[in-house]
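Novice: What follows is a structure written as structure tokens; I'll ask about it next.
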Amino acid sequence: MDDTDRKILKELQEDGRASFREISSRIKVSTPTVSSRVQGMTDNGLITGYSVLLNADMLGQTSVATIIEAKPSEIDAVVERIKGEDIVRLIHVLSDSRILCILSFYDQKKYRSFVQSLSRISEIAKMDNSMILRTAKEMPRASLTDESGLHLKCYYCGHPMKDEGVKVKMDGRTHYLCCGVCAKLYKEKYERMKEAARTPAFA
Ligand SMILES: [Zn+2]
């Protein structure tokens, strides 16, 4: 990730609807450069999507910050049980076997029944709920400074990579592998999966 990438991302964080042409004139690079950089950062999974920002306070919802404490070995199980709930808008797994959740809801009954369901999860040792009165600052957690780099994981073995490793282009997408061995094995696996997808299950 270089300065141009960071500049493009900053522009997009500011306005996700900015056109490549607008961004290119603001940061003084060509439109094709912006387009190919955005494509690259989408392919490698850094850009995960585009969405609309809403003023949550205008929706008349209530938000609650919940801190859950559980045994270290049970943290993943607790996260699995709560992450699918609509009412849960954010989950951070913290140090000291704690989980921070932000809940948002319109109906107190929904909140009460969610808290009741948590109290039935035996892995949860302790729980603290505080209503959020106002939000003084809410920024995207992905902060872009000169220190921000890219932490890619090998698509085959999952190990973190220091740089972009071995890039493999297949079907118009870039795949990132840590070394030649992983790249070879990944290509074989990819071809097998494509072959399997082409073969009908019931011949
Ligand atoms: Zn690897």
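Ordered as shown in the structure tokens, chains take letters A, B, and onward, while each chain numbers its residues from 1 and ligands are numbered from 1 in the order shown.
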Counting only C-alpha atoms and all ligand atoms, name the residues that have an atom within 8 Å of an atom of ligand 1; the answer should be given as JSON, numbers by chain.
Specialist: {"A": [153, 154, 155, 156, 157, 158, 159, 177, 178, 179, 181, 182, 183]}
Novice: Go ahead and write the selection's residues with N, CA and C atoms as a PDB file, in the first residue's frame.
Specialist:
ATOM      1  N   LYS A 153      -3.255 -12.057   4.067  1.00  0.00           N
ATOM      2  CA  LYS A 153      -3.025 -13.445   4.458  1.00  0.00           C
ATOM      3  C   LYS A 153      -2.968 -14.291   3.206  1.00  0.00           C
ATOM      4  N   CYS A 154      -2.071 -15.263   3.218  1.00  0.00           N
ATOM      5  CA  CYS A 154      -1.939 -16.180   2.082  1.00  0.00           C
ATOM      6  C   CYS A 154      -3.280 -16.886   1.847  1.00  0.00           C
ATOM      7  N   TYR A 155      -3.748 -16.875   0.589  1.00  0.00           N
ATOM      8  CA  TYR A 155      -5.044 -17.488   0.270  1.00  0.00           C
ATOM      9  C   TYR A 155      -5.012 -19.000   0.471  1.00  0.00           C
ATOM     10  N   TYR A 156      -3.814 -19.586   0.450  1.00  0.00           N
ATOM     11  CA  TYR A 156      -3.750 -21.038   0.592  1.00  0.00           C
ATOM     12  C   TYR A 156      -3.521 -21.473   2.036  1.00  0.00           C
ATOM     13  N   CYS A 157      -2.442 -20.984   2.662  1.00  0.00           N
ATOM     14  CA  CYS A 157      -2.116 -21.484   4.009  1.00  0.00           C
ATOM     15  C   CYS A 157      -2.609 -20.557   5.122  1.00  0.00           C
ATOM     16  N   GLY A 158      -3.014 -19.326   4.757  1.00  0.00           N
ATOM     17  CA  GLY A 158      -3.587 -18.428   5.754  1.00  0.00           C
ATOM     18  C   GLY A 158      -2.561 -17.674   6.589  1.00  0.00           C
ATOM     19  N   HIS A 159      -1.272 -17.894   6.310  1.00  0.00           N
ATOM     20  CA  HIS A 159      -0.256 -17.187   7.092  1.00  0.00           C
ATOM     21  C   HIS A 159      -0.195 -15.709   6.709  1.00  0.00           C
ATOM     22  N   LEU A 177      -0.602 -15.235  -2.666  1.00  0.00           N
ATOM     23  CA  LEU A 177      -0.023 -16.413  -2.036  1.00  0.00           C
ATOM     24  C   LEU A 177       1.328 -16.050  -1.439  1.00  0.00           C
ATOM     25  N   CYS A 178       1.702 -16.733  -0.338  1.00  0.00           N
ATOM     26  CA  CYS A 178       2.908 -16.320   0.379  1.00  0.00           C
ATOM     27  C   CYS A 178       4.186 -16.776  -0.326  1.00  0.00           C
ATOM     28  N   CYS A 179       4.117 -17.905  -1.054  1.00  0.00           N
ATOM     29  CA  CYS A 179       5.340 -18.434  -1.671  1.00  0.00           C
ATOM     30  C   CYS A 179       4.986 -19.264  -2.893  1.00  0.00           C
ATOM     31  N   VAL A 181       5.358 -22.429  -3.457  1.00  0.00           N
ATOM     32  CA  VAL A 181       4.722 -23.716  -3.155  1.00  0.00           C
ATOM     33  C   VAL A 181       3.216 -23.521  -2.958  1.00  0.00           C
ATOM     34  N   CYS A 182       2.851 -22.519  -2.129  1.00  0.00           N
ATOM     35  CA  CYS A 182       1.429 -22.234  -1.902  1.00  0.00           C
ATOM     36  C   CYS A 182       0.748 -21.853  -3.215  1.00  0.00           C
ATOM     37  N   ALA A 183       1.465 -21.066  -4.053  1.00  0.00           N
ATOM     38  CA  ALA A 183       0.882 -20.625  -5.321  1.00  0.00           C
ATOM     39  C   ALA A 183       0.550 -21.831  -6.195  1.00  0.00           C
TER      40      ALA A 183
END
Novice: Tell me, which residues of stretch 107-173 of chain A carry DSSP alpha helix (DSSP H), written as a list in words?
Specialist: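 Secondary structure check on stretch 107-173 of chain A, alpha helix (DSSP H): Gln108, Lys109, Lys110, Tyr111, Arg112, Ser113, Phe114, Val115, Gln116, Ser117, Leu118 and Ser119 of chain A.
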Novice: Near A:Ser148, counting only C-alpha atoms, which residues have an atom at most 12 Å away, once you skip same-chain residues fewer than 6 positions from it, shown as a VMD selection string?
Specialist: chain A and resid 1 to 3 5 to 7 9 to 10 46 142
Novice: Restricting the calculation to only C-alpha atoms: of A:Ala70, A:Val38, A:Ile87, A:Val93, which residue gets closest to A:Gln108?
Specialist: A:Ile87
Novice: Would you pick out the contacts of A:Glu69 at 6 Å or less, using only C-alpha atoms, so that residues sharing its chain but fewer than 6 positions from it are not included, and give the list as a list in words?
Specialist: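 Once the nearby chain positions are removed, what remains is Ser97, Arg98, Ile124, Ala125 and Lys126 of chain A.
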Novice: Residues as selected, N, CA and C atoms, written as a PDB file, in the first residue's frame, can you do that?
Specialist:
ATOM      1  N   SER A  97     -10.747 -11.432  28.403  1.00  0.00           N
ATOM      2  CA  SER A  97     -11.961 -12.248  28.208  1.00  0.00           C
ATOM      3  C   SER A  97     -13.248 -11.442  28.252  1.00  0.00           C
ATOM      4  N   ARG A  98     -13.209 -10.295  27.631  1.00  0.00           N
ATOM      5  CA  ARG A  98     -14.418  -9.495  27.598  1.00  0.00           C
ATOM      6  C   ARG A  98     -14.833  -9.224  26.157  1.00  0.00           C
ATOM      7  N   ILE A 124     -21.557 -17.203  29.886  1.00  0.00           N
ATOM      8  CA  ILE A 124     -21.401 -15.794  30.248  1.00  0.00           C
ATOM      9  C   ILE A 124     -21.343 -15.669  31.765  1.00  0.00           C
ATOM     10  N   ALA A 125     -20.211 -15.118  32.240  1.00  0.00           N
ATOM     11  CA  ALA A 125     -20.000 -15.018  33.682  1.00  0.00           C
ATOM     12  C   ALA A 125     -20.591 -13.722  34.226  1.00  0.00           C
ATOM     13  N   LYS A 126     -20.532 -12.647  33.422  1.00  0.00           N
ATOM     14  CA  LYS A 126     -20.956 -11.342  33.919  1.00  0.00           C
ATOM     15  C   LYS A 126     -21.356 -10.475  32.737  1.00  0.00           C
TER      16      LYS A 126
END
Novice: Report the distance between atom CA of A:Ile132 and atom CA of A:Met58 in Å, rounded to one decimal place.
Specialist: 14.3 Å
Novice: Atom CA of A:Tyr50 and atom CA of A:Leu12 are how many Å apart?
Specialist: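 Those two atoms sit 9.1 Å apart.
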